file data39.csv (CSV, C-alpha atoms and all ligand atoms)
chain,number,residue,atom,x,y,z
J,1,MET,CA,91.6,79.2,194.2
J,2,PRO,CA,88.8,76.8,195.0
J,3,ALA,CA,89.8,73.3,196.1
J,4,ARG,CA,87.5,71.9,193.4
J,5,MET,CA,89.8,73.4,190.8
J,6,HIS,CA,92.9,72.2,192.6
J,7,ASN,CA,91.7,68.6,192.2
J,8,TRP,CA,91.8,68.5,188.4
J,9,LEU,CA,94.9,70.7,188.2
J,10,GLU,CA,96.6,68.1,190.4
J,11,ILE,CA,95.5,65.3,188.2
J,12,GLU,CA,96.7,67.1,185.0
J,13,LEU,CA,100.1,67.9,186.7
J,14,LYS,CA,100.5,64.3,187.8
J,15,GLN,CA,100.0,63.1,184.2
J,16,ILE,CA,102.5,65.7,182.9
J,17,LYS,CA,105.0,64.5,185.4
J,18,GLU,CA,104.4,60.8,184.7
J,19,LYS,CA,105.1,61.4,181.0
J,20,GLY,CA,108.4,63.1,182.0
J,21,LEU,CA,107.3,66.4,180.5
J,22,TYR,CA,107.0,68.5,183.6
J,23,ARG,CA,108.7,71.9,183.0
J,24,GLU,CA,110.5,73.9,185.7
J,25,LEU,CA,112.3,77.2,185.6
J,26,LYS,CA,116.1,77.6,185.9
J,27,THR,CA,116.9,80.9,187.5
J,28,ALA,CA,120.1,82.8,186.4
J,29,GLU,CA,121.9,84.9,188.9
J,30,SER,CA,124.1,86.7,186.4
J,31,SER,CA,123.8,88.8,183.2
J,32,PRO,CA,123.6,87.0,179.8
J,33,ALA,CA,127.1,86.1,178.7
J,34,SER,CA,129.1,83.0,177.7
J,35,SER,CA,128.8,81.8,181.3
J,36,VAL,CA,125.8,81.9,183.6
J,37,VAL,CA,125.5,81.5,187.4
J,38,ILE,CA,122.7,79.2,188.5
J,39,ASN,CA,122.2,78.3,192.2
J,40,GLY,CA,125.6,79.8,192.9
J,41,LYS,CA,127.4,77.7,190.4
J,42,GLU,CA,129.0,79.0,187.1
J,43,TYR,CA,128.1,77.2,183.9
J,44,LEU,CA,129.4,77.6,180.3
J,45,MET,CA,126.2,78.7,178.5
J,46,ALA,CA,125.6,76.7,175.3
J,47,ALA,CA,121.9,77.2,174.9
J,48,SER,CA,121.2,80.9,174.6
J,49,ASN,CA,119.6,82.8,171.8
J,50,ASN,CA,122.0,85.7,172.5
J,51,TYR,CA,123.8,84.7,169.3
J,52,LEU,CA,126.0,87.8,168.9
J,53,GLY,CA,126.6,88.2,172.6
J,54,LEU,CA,124.9,91.6,172.6
J,55,ALA,CA,122.4,91.0,175.4
J,56,GLY,CA,124.9,92.2,178.1
J,57,ASP,CA,126.8,94.7,175.9
J,58,ARG,CA,127.7,97.9,177.8
J,59,ARG,CA,126.7,100.1,174.8
J,60,LEU,CA,123.2,98.7,174.7
J,61,ILE,CA,122.9,99.1,178.5
J,62,ARG,CA,124.1,102.7,178.2
J,63,ALA,CA,121.6,103.5,175.4
J,64,ALA,CA,118.8,102.1,177.5
J,65,ILE,CA,119.7,104.1,180.6
J,66,ILE,CA,119.9,107.4,178.6
J,67,ALA,CA,116.4,106.6,177.1
J,68,HIS,CA,114.9,105.7,180.4
J,69,GLU,CA,116.2,108.9,182.0
J,70,LYS,CA,114.5,110.9,179.3
J,71,PHE,CA,111.4,108.9,178.6
J,72,GLY,CA,110.8,106.9,181.8
J,73,ILE,CA,110.5,103.1,182.2
J,74,GLY,CA,107.1,102.2,180.8
J,75,SER,CA,105.6,103.6,177.6
J,76,SER,CA,102.3,103.7,179.5
J,77,GLY,CA,99.9,103.3,176.5
J,78,SER,CA,99.4,101.5,173.2
J,79,ARG,CA,101.3,103.0,170.3
J,80,LEU,CA,98.1,104.3,168.8
J,81,THR,CA,97.1,106.2,171.9
J,82,THR,CA,99.8,107.6,174.2
J,83,GLY,CA,102.6,105.0,174.1
J,84,ASN,CA,104.5,106.2,171.0
J,85,THR,CA,107.9,108.0,171.3
J,86,ILE,CA,110.4,109.2,168.8
J,87,LEU,CA,112.5,106.2,169.9
J,88,HIS,CA,109.8,103.8,168.6
J,89,ASP,CA,109.6,105.6,165.3
J,90,GLN,CA,113.4,105.7,165.0
J,91,LEU,CA,113.7,102.0,165.7
J,92,GLU,CA,111.1,101.1,163.1
J,93,GLN,CA,112.9,103.2,160.5
J,94,ARG,CA,116.2,101.5,161.5
J,95,ILE,CA,114.8,98.0,161.2
J,96,ALA,CA,113.3,98.9,157.8
J,97,SER,CA,116.6,100.2,156.5
J,98,PHE,CA,118.5,97.3,158.0
J,99,LYS,CA,116.2,94.8,156.3
J,100,ASN,CA,116.2,96.8,153.1
J,101,LYS,CA,112.4,97.3,153.1
J,102,GLU,CA,110.1,100.3,152.9
J,103,ALA,CA,108.7,100.0,156.4
J,104,ALA,CA,108.6,98.2,159.7
J,105,MET,CA,106.3,97.8,162.6
J,106,LEU,CA,107.2,96.8,166.2
J,107,PHE,CA,105.4,94.4,168.5
J,108,SER,CA,106.2,93.6,172.1
J,109,SER,CA,107.5,90.2,171.2
J,110,GLY,CA,108.1,87.9,168.1
J,111,TYR,CA,105.3,85.8,169.4
J,112,LEU,CA,102.8,88.7,169.2
J,113,ALA,CA,104.2,89.7,165.8
J,114,ASN,CA,103.5,86.2,164.3
J,115,ILE,CA,100.0,85.9,165.7
J,116,GLY,CA,99.2,89.5,164.8
J,117,VAL,CA,100.5,89.5,161.2
J,118,ILE,CA,99.2,86.1,160.2
J,119,SER,CA,95.7,86.6,161.6
J,120,SER,CA,95.4,90.0,160.0
J,121,LEU,CA,96.4,88.9,156.5
J,122,ALA,CA,94.6,85.5,156.3
J,123,GLY,CA,90.9,85.1,156.9
J,124,GLU,CA,88.2,82.4,156.7
J,125,GLU,CA,88.2,82.3,152.9
J,126,ASP,CA,91.9,81.8,152.6
J,127,CYS,CA,94.4,79.0,152.8
J,128,ILE,CA,97.7,78.9,154.7
J,129,LEU,CA,100.4,76.4,153.8
J,130,SER,CA,102.6,75.9,156.8
J,131,ASP,CA,105.8,73.9,157.2
J,132,GLU,CA,105.3,71.1,159.8
J,133,LEU,CA,108.2,72.3,161.9
J,134,ASN,CA,107.1,75.9,162.1
J,135,HIS,CA,107.3,77.7,165.5
J,136,ALA,CA,104.4,77.5,167.9
J,137,SER,CA,103.6,81.2,167.4
J,138,ILE,CA,103.1,80.6,163.7
J,139,ILE,CA,100.8,77.7,164.4
J,140,ASP,CA,98.8,79.9,166.8
J,141,GLY,CA,98.7,82.7,164.2
J,142,CYS,CA,97.2,80.3,161.7
J,143,ARG,CA,94.6,79.1,164.2
J,144,LEU,CA,93.6,82.7,165.1
J,145,SER,CA,93.2,83.6,161.4
J,146,LYS,CA,90.5,81.0,160.9
J,147,ALA,CA,91.9,80.3,157.5
J,148,LYS,CA,92.2,76.7,156.3
J,149,THR,CA,95.6,75.6,157.3
J,150,ILE,CA,97.4,72.9,155.4
J,151,VAL,CA,100.6,71.6,156.9
J,152,TYR,CA,103.3,70.5,154.4
J,153,LYS,CA,106.1,68.1,155.1
J,154,HIS,CA,109.2,69.8,156.5
J,155,VAL,CA,111.0,71.6,153.6
J,156,ASP,CA,109.5,69.2,151.1
J,157,MET,CA,108.9,71.2,148.0
J,158,GLU,CA,107.1,68.4,146.2
J,159,ASP,CA,104.6,68.1,149.0
J,160,LEU,CA,104.2,71.9,149.1
J,161,GLU,CA,103.5,72.0,145.4
J,162,LYS,CA,100.9,69.2,145.7
J,163,LYS,CA,99.2,71.1,148.5
J,164,LEU,CA,99.3,74.4,146.6
J,165,LYS,CA,97.5,72.8,143.7
J,166,GLU,CA,94.8,71.6,146.1
J,167,ALA,CA,94.5,75.1,147.5
J,168,GLN,CA,93.7,76.9,144.3
J,169,GLY,CA,90.0,77.3,145.2
J,170,TYR,CA,90.7,79.6,148.1
J,171,ARG,CA,90.5,83.4,147.9
J,172,TYR,CA,94.2,84.0,148.8
J,173,ARG,CA,97.0,81.6,149.6
J,174,PHE,CA,99.9,82.2,152.0
J,175,ILE,CA,103.0,80.0,152.4
J,176,VAL,CA,104.5,80.5,155.9
J,177,THR,CA,107.8,79.2,157.1
J,178,ASP,CA,110.6,79.8,159.6
J,179,GLY,CA,113.7,81.1,157.9
J,180,VAL,CA,115.8,79.0,160.3
J,181,PHE,CA,114.1,76.2,162.1
J,182,SER,CA,114.6,76.6,165.8
J,183,MET,CA,114.9,72.9,166.8
J,184,ASP,CA,116.7,71.6,163.8
J,185,GLY,CA,118.9,74.5,162.9
J,186,ASN,CA,118.4,74.2,159.2
J,187,ILE,CA,117.5,76.9,156.6
J,188,ALA,CA,114.3,77.0,154.6
J,189,PRO,CA,114.7,76.6,150.9
J,190,LEU,CA,113.4,80.1,150.2
J,191,PRO,CA,114.3,80.4,146.5
J,192,ASP,CA,112.1,77.3,145.8
J,193,ILE,CA,109.3,78.5,148.1
J,194,VAL,CA,109.2,81.9,146.4
J,195,LYS,CA,109.2,80.2,143.0
J,196,LEU,CA,106.3,78.0,143.9
J,197,GLY,CA,104.5,81.1,145.5
J,198,LYS,CA,104.7,82.9,142.2
J,199,GLN,CA,103.7,79.8,140.2
J,200,TYR,CA,100.6,79.1,142.3
J,201,ASP,CA,99.7,82.7,143.3
J,202,ALA,CA,100.6,82.5,147.0
J,203,TYR,CA,102.2,85.1,149.2
J,204,VAL,CA,105.3,84.2,151.2
J,205,ILE,CA,105.6,85.0,154.9
J,206,VAL,CA,109.0,84.2,156.6
J,207,ASP,CA,109.6,84.2,160.4
J,208,ASP,CA,113.3,85.2,160.5
J,209,ALA,CA,113.6,85.0,164.3
J,210,HIS,CA,116.8,82.9,164.3
J,211,ALA,CA,118.4,84.4,161.2
J,212,THR,CA,118.2,88.2,161.9
J,213,GLY,CA,121.7,89.4,162.7
J,214,VAL,CA,123.1,85.9,162.0
J,215,LEU,CA,122.7,85.0,158.3
J,216,GLY,CA,123.8,87.0,155.3
J,217,GLU,CA,126.8,89.1,154.6
J,218,ASN,CA,125.3,92.0,156.6
J,219,GLY,CA,123.2,89.9,159.0
J,220,ARG,CA,120.0,90.9,157.3
J,221,GLY,CA,118.7,87.3,157.5
J,222,THR,CA,117.7,84.4,155.4
J,223,SER,CA,116.6,86.5,152.4
J,224,GLU,CA,120.0,88.1,152.2
J,225,PHE,CA,121.7,84.8,152.7
J,226,LEU,CA,119.8,83.1,149.9
J,227,ASN,CA,119.5,86.3,147.7
J,228,VAL,CA,115.7,86.2,147.4
J,229,ASP,CA,112.9,88.6,148.2
J,230,VAL,CA,109.7,87.6,150.1
J,231,ASP,CA,106.4,89.4,150.7
J,232,VAL,CA,106.4,89.6,154.5
J,233,THR,CA,109.3,89.1,157.0
J,234,ILE,CA,108.6,88.8,160.7
J,235,GLY,CA,111.4,88.8,163.3
J,236,THR,CA,112.3,89.1,166.9
J,237,LEU,CA,114.7,91.4,168.7
J,238,SER,CA,115.1,88.8,171.5
J,239,LYS,CA,117.8,86.7,169.9
J,240,ALA,CA,120.8,88.0,168.0
J,241,VAL,CA,119.7,91.6,168.6
J,242,GLY,CA,120.0,90.9,172.3
J,243,THR,CA,117.0,92.9,173.6
J,244,GLU,CA,113.3,92.0,173.2
J,245,GLY,CA,110.3,92.7,171.0
J,246,GLY,CA,109.1,91.6,167.6
J,247,PHE,CA,108.7,93.3,164.2
J,248,VAL,CA,107.4,92.9,160.7
J,249,VAL,CA,108.9,94.4,157.6
J,250,GLY,CA,107.6,94.9,154.1
J,251,SER,CA,106.0,97.5,151.8
J,252,GLN,CA,104.6,100.7,153.3
J,253,LYS,CA,101.1,99.6,152.3
J,254,LEU,CA,101.5,96.3,154.2
J,255,ILE,CA,102.6,98.1,157.3
J,256,ASP,CA,99.8,100.7,157.0
J,257,TYR,CA,97.3,97.8,156.8
J,258,LEU,CA,98.8,95.9,159.7
J,259,ARG,CA,98.8,99.0,161.9
J,260,ASN,CA,95.1,99.2,161.4
J,261,LYS,CA,94.4,95.5,161.7
J,262,ALA,CA,96.8,93.6,163.9
J,263,ARG,CA,95.1,93.2,167.2
J,264,SER,CA,98.3,92.2,169.0
J,265,PHE,CA,99.7,95.6,167.9
J,266,ILE,CA,96.6,97.7,168.5
J,267,PHE,CA,95.8,96.4,171.9
J,268,GLN,CA,99.2,96.1,173.5
J,269,THR,CA,101.3,98.7,175.3
J,270,GLY,CA,104.2,100.0,173.3
J,271,MET,CA,107.6,98.6,174.2
J,272,SER,CA,109.7,100.2,176.9
J,273,PRO,CA,111.6,103.2,175.5
J,274,GLY,CA,114.9,101.8,176.9
J,275,ILE,CA,114.4,98.6,174.9
J,276,ALA,CA,113.7,100.6,171.8
J,277,ALA,CA,116.9,102.7,172.2
J,278,ALA,CA,119.0,99.6,173.0
J,279,SER,CA,117.6,97.7,170.0
J,280,LYS,CA,118.5,100.5,167.6
J,281,LYS,CA,122.0,100.6,169.1
J,282,ALA,CA,122.3,96.8,168.6
J,283,ILE,CA,121.3,97.0,165.0
J,284,ASP,CA,124.0,99.6,164.4
J,285,ILE,CA,126.5,97.2,166.0
J,286,ILE,CA,125.3,94.3,163.9
J,287,GLU,CA,126.0,96.3,160.8
J,288,GLU,CA,129.3,97.9,162.0
J,289,GLU,CA,130.9,94.7,163.5
J,290,PRO,CA,130.6,91.9,161.0
J,291,ASP,CA,133.5,90.2,162.8
J,292,ARG,CA,131.1,89.0,165.5
J,293,ARG,CA,129.1,87.1,162.9
J,294,GLU,CA,132.2,85.8,161.2
J,295,HIS,CA,133.6,84.5,164.5
J,296,LEU,CA,130.2,82.9,165.3
J,297,HIS,CA,130.2,81.0,162.0
J,298,ARG,CA,133.8,80.0,162.4
J,299,LEU,CA,133.0,78.4,165.8
J,300,GLU,CA,129.8,76.9,164.5
J,301,ARG,CA,131.6,75.2,161.5
J,302,LYS,CA,134.3,74.0,163.8
J,303,LEU,CA,132.0,72.4,166.4
J,304,ARG,CA,129.8,70.8,163.8
J,305,GLU,CA,132.8,69.2,162.1
J,306,LYS,CA,134.3,68.0,165.4
J,307,LEU,CA,131.0,66.4,166.5
J,308,VAL,CA,130.4,64.7,163.2
J,309,ASN,CA,134.0,63.4,163.2
J,310,SER,CA,133.4,62.0,166.7
J,311,GLY,CA,130.5,60.0,165.2
J,312,PHE,CA,127.5,62.1,166.4
J,313,TYR,CA,124.4,62.6,164.3
J,314,VAL,CA,124.2,66.4,164.1
J,315,LEU,CA,121.3,68.3,162.4
J,316,GLY,CA,121.3,71.7,160.8
J,317,GLU,CA,123.6,73.7,158.6
J,318,GLN,CA,125.4,77.0,158.7
J,319,THR,CA,123.5,78.3,161.7
J,320,PRO,CA,124.6,78.5,165.4
J,321,ILE,CA,121.9,76.0,166.3
J,322,ILE,CA,123.6,72.6,166.6
J,323,PRO,CA,121.2,69.8,167.6
J,324,VAL,CA,123.0,66.6,168.7
J,325,ILE,CA,120.6,63.7,168.4
J,326,ILE,CA,120.7,61.4,171.4
J,327,GLY,CA,117.5,59.3,170.8
J,328,GLU,CA,115.3,58.4,173.7
J,329,ALA,CA,114.0,61.1,176.0
J,330,ASP,CA,115.5,59.7,179.2
J,331,LYS,CA,118.9,59.3,177.6
J,332,ALA,CA,118.8,62.9,176.5
J,333,VAL,CA,117.9,64.0,180.0
J,334,GLN,CA,120.8,61.9,181.4
J,335,PHE,CA,123.1,63.5,178.8
J,336,ALA,CA,122.1,67.0,179.7
J,337,GLN,CA,122.6,66.2,183.4
J,338,LYS,CA,126.1,65.0,182.7
J,339,LEU,CA,126.8,68.1,180.8
J,340,LEU,CA,125.7,70.2,183.8
J,341,GLU,CA,128.1,68.2,185.9
J,342,ALA,CA,130.8,69.1,183.5
J,343,GLY,CA,129.8,72.8,183.9
J,344,ILE,CA,128.0,73.1,180.6
J,345,TYR,CA,124.4,74.4,180.3
J,346,ALA,CA,122.6,72.8,177.3
J,347,PRO,CA,119.2,71.3,178.0
J,348,ALA,CA,117.6,68.2,176.5
J,349,ILE,CA,114.8,68.8,174.0
J,350,ARG,CA,112.2,66.0,174.1
J,351,PRO,CA,108.8,65.1,172.6
J,352,PRO,CA,106.4,66.7,171.9
J,353,THR,CA,108.7,69.5,170.9
J,354,VAL,CA,110.6,67.0,168.7
J,355,PRO,CA,109.5,63.5,167.3
J,356,GLU,CA,109.8,60.3,169.4
J,357,GLY,CA,113.3,58.8,169.3
J,358,MET,CA,114.8,62.2,168.2
J,359,SER,CA,115.4,63.7,171.6
J,360,ARG,CA,118.5,65.9,171.5
J,361,ILE,CA,120.9,68.2,173.1
J,362,ARG,CA,120.3,71.6,171.4
J,363,LEU,CA,123.5,73.5,171.5
J,364,THR,CA,123.5,77.2,170.5
J,365,LEU,CA,126.7,79.1,170.1
J,366,MET,CA,127.4,82.8,170.7
J,367,ALA,CA,130.0,85.2,169.2
J,368,SER,CA,131.2,85.7,172.8
J,369,HIS,CA,132.4,82.1,173.0
J,370,THR,CA,136.1,81.4,172.6
J,371,GLU,CA,137.8,78.6,170.6
J,372,GLU,CA,138.8,77.0,173.9
J,373,GLU,CA,135.2,76.9,175.1
J,374,ILE,CA,134.1,75.3,171.9
J,375,SER,CA,136.9,72.6,172.3
J,376,TYR,CA,135.8,72.0,175.9
J,377,ILE,CA,132.1,71.6,174.8
J,378,HIS,CA,133.3,69.1,172.1
J,379,GLN,CA,135.5,67.1,174.5
J,380,SER,CA,132.8,66.9,177.1
J,381,ILE,CA,130.2,65.7,174.6
J,382,GLU,CA,132.5,63.1,173.2
J,383,ARG,CA,133.4,61.8,176.7
J,384,ILE,CA,129.7,61.7,177.8
J,385,GLY,CA,128.8,60.0,174.5
J,386,LYS,CA,131.3,57.2,175.3
J,387,GLU,CA,130.1,56.9,178.9
J,388,LEU,CA,126.6,56.5,177.7
J,389,LYS,CA,127.8,53.9,175.1
J,390,MET,CA,126.6,56.0,172.2
J,391,MET,CA,129.7,55.5,170.1
J,392,LYS,CA,132.5,53.0,169.6
J,393,GLY,CA,135.7,53.2,171.5
L,401,LIG,N1,109.6,82.5,166.1
L,401,LIG,C1,110.6,81.6,166.4
L,401,LIG,C2,111.1,80.7,165.3
L,401,LIG,C3,111.1,81.5,167.7
L,401,LIG,O1,112.0,80.6,168.0
L,401,LIG,C4,110.6,82.4,168.7
L,401,LIG,C5,111.2,82.4,170.1
L,401,LIG,N2,111.5,81.2,170.6
L,401,LIG,C6,109.6,83.3,168.3
L,401,LIG,C7,109.2,83.4,167.1
L,401,LIG,C8,109.0,84.2,169.4
L,401,LIG,O2,109.8,85.3,169.6
L,401,LIG,P1,109.8,86.1,171.0
L,401,LIG,O3,110.6,85.3,171.9
L,401,LIG,O4,110.4,87.4,170.7
L,401,LIG,O5,108.4,86.2,171.4

call {"tool": "encode", "arguments": {"input": "data39.csv", "output": "structure tokens", "more": "lines below"}}
Ligand code: PMP
result
Amino acid sequence: MPARMHNWLEIELKQIKEKGLYRELKTAESSPASSVVINGKEYLMAASNNYLGLAGDRRLIRAAIIAHEKFGIGSSGSRLTTGNTILHDQLEQRIASFKNKEAAMLFSSGYLANIGVISSLAGEEDCILSDELNHASIIDGCRLSKAKTIVYKHVDMEDLEKKLKEAQGYRYRFIVTDGVFSMDGNIAPLPDIVKLGKQYDAYVIVDDAHATGVLGENGRGTSEFLNVDVDVTIGTLSKAVGTEGGFVVGSQKLIDYLRNKARSFIFQTGMSPGIAAASKKAIDIIEEEPDRREHLHRLERKLREKLVNSGFYVLGEQTPIIPVIIGEADKAVQFAQKLLEAGIYAPAIRPPTVPEGMSRIRLTLMASHTEEEISYIHQSIERIGKELKMMKG
């Protein structure tokens, strides 16, 4: 790389470091489970998206090996050319039946699903109403679409209604929201959103990345949990399903349209056959083993209650994402460091990901955690909170 370019890259990197926002990788030396080995030391994992503990499940691994032996490692082409196998078709059918929808379409990631779906549906003459805490991939999808994007205040239905009224002059209107918000762990008020969508002629698109496999009696997601139907649901396989890839579900017509329009579907190589087979196995397990979900929610309720009783400000509700508000960014970093010293891996989340003064430790729980591990996380957080003079006593 020319030295000329190094100069300005160095300046940019220095500025990022000065703001305390430099990001570095942490490298795991073990498979995803309740504990993780980093630099030879074992930590209790309290920050993974592996909500149901399926990422290291032997049954998924076996399904992947069998598929790889028959179909190879890479799919070697886009789905529309040479990269489609019976495993991809079967997984799409399985996701559609799991989500109780007519059809599904796979992407290589949830990120690609969001940008592909949103930019295919909304165009220059349209308006997207987007919750201010939506995930980055939704924001990027809105930008790619070239539609007018109006951001409404987080889960504020009065603000959404006001902005829907302002948007009546556009060709089509879309309301797009996360089902579960990744940094706050709260659930979108979908019944109200759907009602407003009907009232103001807007389609509702939900990114159910953090709810798939986690919320609802059968783990079908936010719509099942809140007993409501939406026009388009996007999701990922990289969290509770324990594999990787993204998907969209809806009517057969919607999927036929997206297969012909979504550039991040058309121009990407199909997912690896092993991942497709493992994902299908994971969805079977999600349906067949509701006790995983029940255990997860028991742990989540218990930890929330304990932390609140200890005097912490905890965000979210009924999800395994438990953000503990610390306040200033440097204090949150200190807190995360002390957690590491206690053998717990849960990073600090700082601005710009969250607002100034709202830096936090974002805990996420897994069905593979035990009651004892949850008690240890609570005791450690309480002790560190006292050490950092965050609470009385
Ligand atoms: N949406 C949300 C709400 C997410 O949290 C994420 C992942 N962090 C994604 C989409 C992207 O999914 P993937 O990791 O499969 O690309």

call {"tool": "residues_near_ligand", "arguments": {"input": "data39.csv", "ligand": "ligand LIG 401 (chain L)", "cutoff": "9 Å", "atoms": "only C-alpha atoms and all ligand atoms", "output": "PyMOL selection string"}}
result
chain J and resi 49+107-114+134-138+177-183+207-210+234-239+244-247

call {"tool": "atom_distance", "arguments": {"input": "data39.csv", "atom1": "atom CA of J:Ile95", "atom2": "atom CA of J:Asn186"}}
result
24.2 Å

call {"tool": "atom_distance", "arguments": {"input": "data39.csv", "atom1": "atom CA of J:Ser368", "atom2": "atom CA of J:Asn39"}}
result
22.6 Å

call {"tool": "residues_near_point", "arguments": {"input": "data39.csv", "point": "(123.9, 60.1, 176.1)", "cutoff": "6 Å", "atoms": "all atoms listed in the file", "output": "PDB file with C-alpha atoms, keeping the file's coordinate frame"}}
result
ATOM      1  CA  ILE J 326     120.700  61.400 171.400  1.00  0.00           C
ATOM      2  CA  LYS J 331     118.900  59.300 177.600  1.00  0.00           C
ATOM      3  CA  ALA J 332     118.800  62.900 176.500  1.00  0.00           C
ATOM      4  CA  PHE J 335     123.100  63.500 178.800  1.00  0.00           C
ATOM      5  CA  GLY J 385     128.800  60.000 174.500  1.00  0.00           C
ATOM      6  CA  LEU J 388     126.600  56.500 177.700  1.00  0.00           C
TER       7      LEU J 388
END

call {"tool": "closest_residue", "arguments": {"input": "data39.csv", "among": "J:Gln168, J:Ser279, J:Asp330, J:Met157", "to": "J:Leu196", "atoms": "all atoms listed in the file"}}
result
J:Met157

call {"tool": "closest_residue", "arguments": {"input": "data39.csv", "among": "J:Gly242, J:Gly274, J:Gly185, J:Gly197", "to": "J:Ile321", "atoms": "only C-alpha atoms"}}
result
J:Gly185

call {"tool": "atom_distance", "arguments": {"input": "data39.csv", "atom1": "atom CA of J:Lys70", "atom2": "atom CA of J:Pro273"}}
result
9.1 Å

call {"tool": "residues_around", "arguments": {"input": "data39.csv", "residues": "J:Asn260", "least_positions_apart": "3", "cutoff": "12 Å", "atoms": "all atoms listed in the file", "output": "list in words"}}
result
Arg79, Leu80, Met105, Gly116, Val117, Ser120, Leu121, Lys253, Leu254, Ile255, Asp256, Tyr257, Arg263, Ser264, Phe265, Ile266 and Phe267 of chain J

call {"tool": "residues_around", "arguments": {"input": "data39.csv", "residues": "J:Ile325", "least_positions_apart": "3", "cutoff": "12 Å", "atoms": "all atoms listed in the file", "output": "ChimeraX atom specification"}}
result
/J:183-184,307-308,311-316,322,328-329,331-333,335-336,348-350,354-363,381,385,390

call {"tool": "write_last_selection", "arguments": {"input": "data39.csv", "atoms": "C-alpha atoms", "output": "short mmCIF file (atom, residue, chain, number, x, y, z; two decimals), in the frame of the given file"}}
result
data_model
loop_
_atom_site.label_atom_id
_atom_site.label_comp_id
_atom_site.auth_asym_id
_atom_site.auth_seq_id
_atom_site.Cartn_x
_atom_site.Cartn_y
_atom_site.Cartn_z
CA MET J 183 114.90 72.90 166.80
CA ASP J 184 116.70 71.60 163.80
CA LEU J 307 131.00 66.40 166.50
CA VAL J 308 130.40 64.70 163.20
CA GLY J 311 130.50 60.00 165.20
CA PHE J 312 127.50 62.10 166.40
CA TYR J 313 124.40 62.60 164.30
CA VAL J 314 124.20 66.40 164.10
CA LEU J 315 121.30 68.30 162.40
CA GLY J 316 121.30 71.70 160.80
CA ILE J 322 123.60 72.60 166.60
CA GLU J 328 115.30 58.40 173.70
CA ALA J 329 114.00 61.10 176.00
CA LYS J 331 118.90 59.30 177.60
CA ALA J 332 118.80 62.90 176.50
CA VAL J 333 117.90 64.00 180.00
CA PHE J 335 123.10 63.50 178.80
CA ALA J 336 122.10 67.00 179.70
CA ALA J 348 117.60 68.20 176.50
CA ILE J 349 114.80 68.80 174.00
CA ARG J 350 112.20 66.00 174.10
CA VAL J 354 110.60 67.00 168.70
CA PRO J 355 109.50 63.50 167.30
CA GLU J 356 109.80 60.30 169.40
CA GLY J 357 113.30 58.80 169.30
CA MET J 358 114.80 62.20 168.20
CA SER J 359 115.40 63.70 171.60
CA ARG J 360 118.50 65.90 171.50
CA ILE J 361 120.90 68.20 173.10
CA ARG J 362 120.30 71.60 171.40
CA LEU J 363 123.50 73.50 171.50
CA ILE J 381 130.20 65.70 174.60
CA GLY J 385 128.80 60.00 174.50
CA MET J 390 126.60 56.00 172.20
#

call {"tool": "closest_residue", "arguments": {"input": "data39.csv", "among": "J:Pro189, J:Ala202, J:Pro320, J:Lys146", "to": "J:Leu129", "atoms": "only C-alpha atoms"}}
result
J:Ala202

call {"tool": "residues_near_point", "arguments": {"input": "data39.csv", "point": "(109.7, 105.5, 179.9)", "cutoff": "12 Å", "atoms": "only C-alpha atoms", "output": "number ranges by chain"}}
result
J: 64-77, 82-88, 269-277
